[in-house]
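To be precise, the following lines are final_4.txt, and they hold compact mmCIF, C-alpha atoms.
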# COMPACT_ATOMS: atom_id res chain seq x y z
CA MET A 1 9.97 29.44 26.12
CA PRO A 2 8.52 27.45 29.01
CA THR A 3 8.24 23.68 28.79
CA PRO A 4 4.64 22.72 28.03
CA ASP A 5 2.64 20.87 30.62
CA LYS A 6 2.93 17.18 29.69
CA LYS A 7 -0.86 16.82 29.92
CA THR A 8 -1.59 19.71 27.58
CA LEU A 9 -1.12 19.54 23.84
CA PRO A 10 0.70 22.47 22.29
CA SER A 11 -1.49 24.95 20.48
CA THR A 12 -2.05 24.10 16.84
CA ALA A 13 0.03 27.19 16.02
CA ARG A 14 3.02 25.43 17.69
CA SER A 15 2.29 21.87 16.54
CA LEU A 16 5.16 20.50 14.45
CA PRO A 17 2.97 18.19 12.32
CA ILE A 18 0.49 20.95 11.56
CA ALA A 19 3.26 23.49 10.88
CA LEU A 20 4.94 21.06 8.46
CA ILE A 21 1.67 20.42 6.62
CA ARG A 22 0.93 24.15 6.33
CA ALA A 23 4.46 24.86 5.13
CA ARG A 24 4.28 22.00 2.61
CA GLU A 25 1.04 23.31 1.16
CA ASN A 26 2.49 26.82 0.82
CA VAL A 27 5.70 25.51 -0.76
CA MET A 28 3.87 23.21 -3.15
CA ALA A 29 1.23 25.68 -4.39
CA PRO A 30 3.42 27.38 -7.03
CA ILE A 31 4.93 24.03 -8.02
CA ARG A 32 1.49 22.51 -8.56
CA HIS A 33 0.57 25.54 -10.66
CA MET A 34 3.72 25.07 -12.75
CA LEU A 35 3.04 21.35 -13.22
CA ALA A 36 -0.59 21.88 -14.26
CA GLU A 37 0.76 23.22 -17.55
CA SER A 38 2.27 19.80 -18.30
CA GLY A 39 -0.58 17.76 -16.88
CA ILE A 40 1.60 15.89 -14.41
CA THR A 41 1.25 15.51 -10.67
CA GLU A 42 3.76 16.51 -8.02
CA GLN A 43 4.45 12.80 -7.44
CA GLN A 44 5.19 12.30 -11.14
CA TRP A 45 7.44 15.38 -11.06
CA ARG A 46 9.40 13.87 -8.16
CA VAL A 47 9.86 10.61 -10.07
CA LEU A 48 11.08 12.47 -13.15
CA ARG A 49 13.40 14.66 -11.07
CA VAL A 50 15.00 11.67 -9.37
CA LEU A 51 15.45 9.75 -12.62
CA SER A 52 16.80 12.82 -14.40
CA GLU A 53 19.29 13.49 -11.60
CA LEU A 54 20.35 9.96 -10.66
CA GLY A 55 19.67 7.88 -13.77
CA PRO A 56 17.92 4.51 -14.13
CA MET A 57 17.24 2.57 -10.94
CA ASP A 58 15.14 -0.18 -9.46
CA ALA A 59 11.62 0.63 -8.33
CA SER A 60 12.36 0.26 -4.61
CA SER A 61 15.19 2.79 -4.76
CA LEU A 62 13.10 5.11 -6.89
CA ALA A 63 10.21 4.96 -4.42
CA GLU A 64 12.52 5.78 -1.51
CA LYS A 65 14.30 8.64 -3.30
CA SER A 66 10.98 10.05 -4.59
CA ALA A 67 9.39 9.94 -1.11
CA LEU A 68 6.70 7.52 -2.28
CA LEU A 69 5.41 4.23 -0.98
CA LEU A 70 6.25 1.38 -3.36
CA PRO A 71 2.57 0.51 -4.08
CA SER A 72 1.95 4.19 -4.93
CA LEU A 73 5.00 4.28 -7.19
CA THR A 74 3.79 1.14 -8.97
CA ARG A 75 0.48 2.83 -9.82
CA ILE A 76 2.12 6.15 -10.73
CA ALA A 77 4.73 4.41 -12.90
CA GLN A 78 2.03 2.61 -14.90
CA ALA A 79 0.43 5.94 -15.80
CA MET A 80 3.80 7.50 -16.60
CA LYS A 81 4.80 4.55 -18.78
CA ALA A 82 1.50 4.81 -20.67
CA ARG A 83 2.27 8.50 -21.34
CA GLY A 84 5.77 7.65 -22.53
CA LEU A 85 7.52 9.51 -19.69
CA ILE A 86 9.43 6.50 -18.31
CA THR A 87 10.42 3.01 -19.34
CA GLN A 88 10.41 -0.11 -17.20
CA ARG A 89 12.63 -3.03 -18.07
CA VAL A 90 13.15 -6.34 -16.32
CA ASN A 91 16.54 -6.40 -14.62
CA PRO A 92 18.54 -9.18 -16.34
CA GLU A 93 20.43 -9.95 -13.10
CA ASP A 94 17.26 -10.27 -10.99
CA ARG A 95 14.13 -10.87 -13.07
CA ARG A 96 11.93 -9.99 -10.08
CA ARG A 97 13.18 -6.40 -10.26
CA GLN A 98 12.50 -3.73 -12.82
CA THR A 99 14.78 -0.90 -13.84
CA VAL A 100 12.98 2.39 -14.37
CA ALA A 101 14.42 5.12 -16.63
CA ILE A 102 13.30 8.52 -17.85
CA THR A 103 12.48 8.88 -21.55
CA ASP A 104 13.22 11.82 -23.81
CA ALA A 105 9.61 12.95 -23.31
CA GLY A 106 10.01 12.81 -19.54
CA GLN A 107 13.30 14.71 -19.71
CA GLN A 108 11.62 17.32 -21.90
CA ILE A 109 9.16 18.05 -19.06
CA ILE A 110 12.10 18.56 -16.69
CA ASP A 111 13.90 20.76 -19.21
CA THR A 112 10.78 22.81 -19.93
CA HIS A 113 10.22 23.59 -16.25
CA THR A 114 13.80 23.88 -14.99
CA GLU A 115 13.95 27.68 -15.18
CA GLN A 116 10.58 28.16 -13.47
CA ALA A 117 11.45 25.59 -10.78
CA LEU A 118 14.73 27.42 -10.11
CA ILE A 119 12.85 30.71 -9.77
CA ILE A 120 10.41 29.13 -7.30
CA GLY A 121 13.25 27.64 -5.28
CA GLN A 122 15.16 30.91 -5.29
CA SER A 123 12.08 32.76 -4.02
CA TYR A 124 12.10 30.58 -0.88
CA ARG A 125 15.83 31.11 -0.42
CA GLU A 126 15.35 34.89 -0.68
CA ARG A 127 12.36 34.82 1.66
CA LEU A 128 14.28 32.92 4.35
CA GLY A 129 17.80 34.13 3.65
CA ASP A 130 20.65 31.81 2.70
CA GLU A 131 21.57 30.81 6.26
CA ASN A 132 17.99 30.10 7.37
CA PHE A 133 17.28 28.22 4.14
CA ASP A 134 20.30 25.96 4.59
CA THR A 135 19.49 25.50 8.28
CA LEU A 136 15.90 24.55 7.45
CA ILE A 137 17.05 21.93 4.95
CA ALA A 138 19.52 20.54 7.52
CA LEU A 139 16.86 20.41 10.24
CA LEU A 140 14.38 18.67 7.97
CA GLN A 141 17.05 16.13 7.03
CA GLN A 142 17.61 15.51 10.76
CA LEU A 143 13.90 14.76 11.14
CA GLU A 144 14.31 12.29 8.26
CA GLY A 145 17.12 10.62 10.15
CA LYS A 146 19.83 11.76 7.72
Rewritten as C-alpha cells:
Amino acid sequence: MPTPDKKTLPSTARSLPIALIRARENVMAPIRHMLAESGITEQQWRVLRVLSELGPMDASSLAEKSALLLPSLTRIAQAMKARGLITQRVNPEDRRRQTVAITDAGQQIIDTHTEQALIIGQSYRERLGDENFDTLIALLQQLEGK
C-alpha cells in the first residue's frame, strides 16, 4: 500500500479513529441488547465485571480498569450504590479514599449474563478466527500502551 500524501487525510474508510468507533459500535450492539434486560448500562457492566473479577478496590483503580474517567465513575457509582449493586466504604488507612465492592445483587447480574456474554464473545472469536482474534487484542493493547 502506498504511503499517503502527508497533505491528504486518509479516506474515512481507512481512518483508524473512525474504524475503531465503527467496530466498537458493532461489538457493543449485542452487549447493549443483553444489558437492557437488566436495566444497566455498558459502563455499569464494566464496573461490575472489574469488581467481580478483581475484587474490592479504590475508586481511582476501578475507574482506570473500567476505562472510565474518575468523575464519570463517581456519578455511575452513586447510581449503582442506590440500586444496591455496589458498596462504597471509607478506607480506614486513608480516609480520603473509598473502597468499592460488588454486592450479591451486582454479582447476580454478572452470573445471570455470563453465558450470554460468553456466547457473544465466542461469536467474535469465530468470526475472526483464533489467531486474528488474539492478534487484534494484542494490537489494541499496544495502542493502549500495554
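Residues lying within 9 Å of stretch 46-53 of chain A, counting all atoms listed in the file and ignoring same-chain neighbours fewer than 5 positions away, are Thr41, Leu62, Ala63, Lys65, Ser66, Ala67, Leu68, Leu73, Ile76, Ala77, Leu85, Ile86, Val100, Ala101, Ile102, Gly106, Gln107, Ile109 and Ile110 of chain A.
If you look at atom CA of A:Ala82 and atom CA of A:Leu35, they are 18.2 Å away from each other.
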Checklist entry - atom CA of A:Thr74 and atom CA of A:Ile18, how far apart in Å? => result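 Pair atom CA of A:Ile18 / atom CA of A:Thr74 returns 28.7 Å.
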Checklist entry - When distances are computed from all atoms listed in the file, which of A:Asp111, A:Lys7, A:Val27, A:Gln78 shows the smallest separation from A:Ser123? => result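 Closest to A:Ser123, using all atoms listed in the file: A:Val27.
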Checklist entry - Could you state the separation of atom CA of A:His113 and atom CA of A:Gly39 in Å, given to one decimal place? => result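 These two atoms are separated by 12.3 Å.
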Next on the checklist: What's around stretch 96-98 of chain A at 10 Å? Count all atoms listed in the file, leave out sequence neighbours fewer than 5 positions away in its own chain, and write the answer as a list in words.
Outcome noted: Pro56, Met57, Asp58, Ala59, Ser60, Thr87, Gln88, Arg89, Val90 and Asn91 of chain A
Checklist entry - For A:Met34, which residue among A:Ala13, A:Ile120, A:Ala79, A:Leu136 is the nearest when counting all atoms listed in the file? => result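 Looking at the shortest contact to A:Met34, the residue is A:Ile120.
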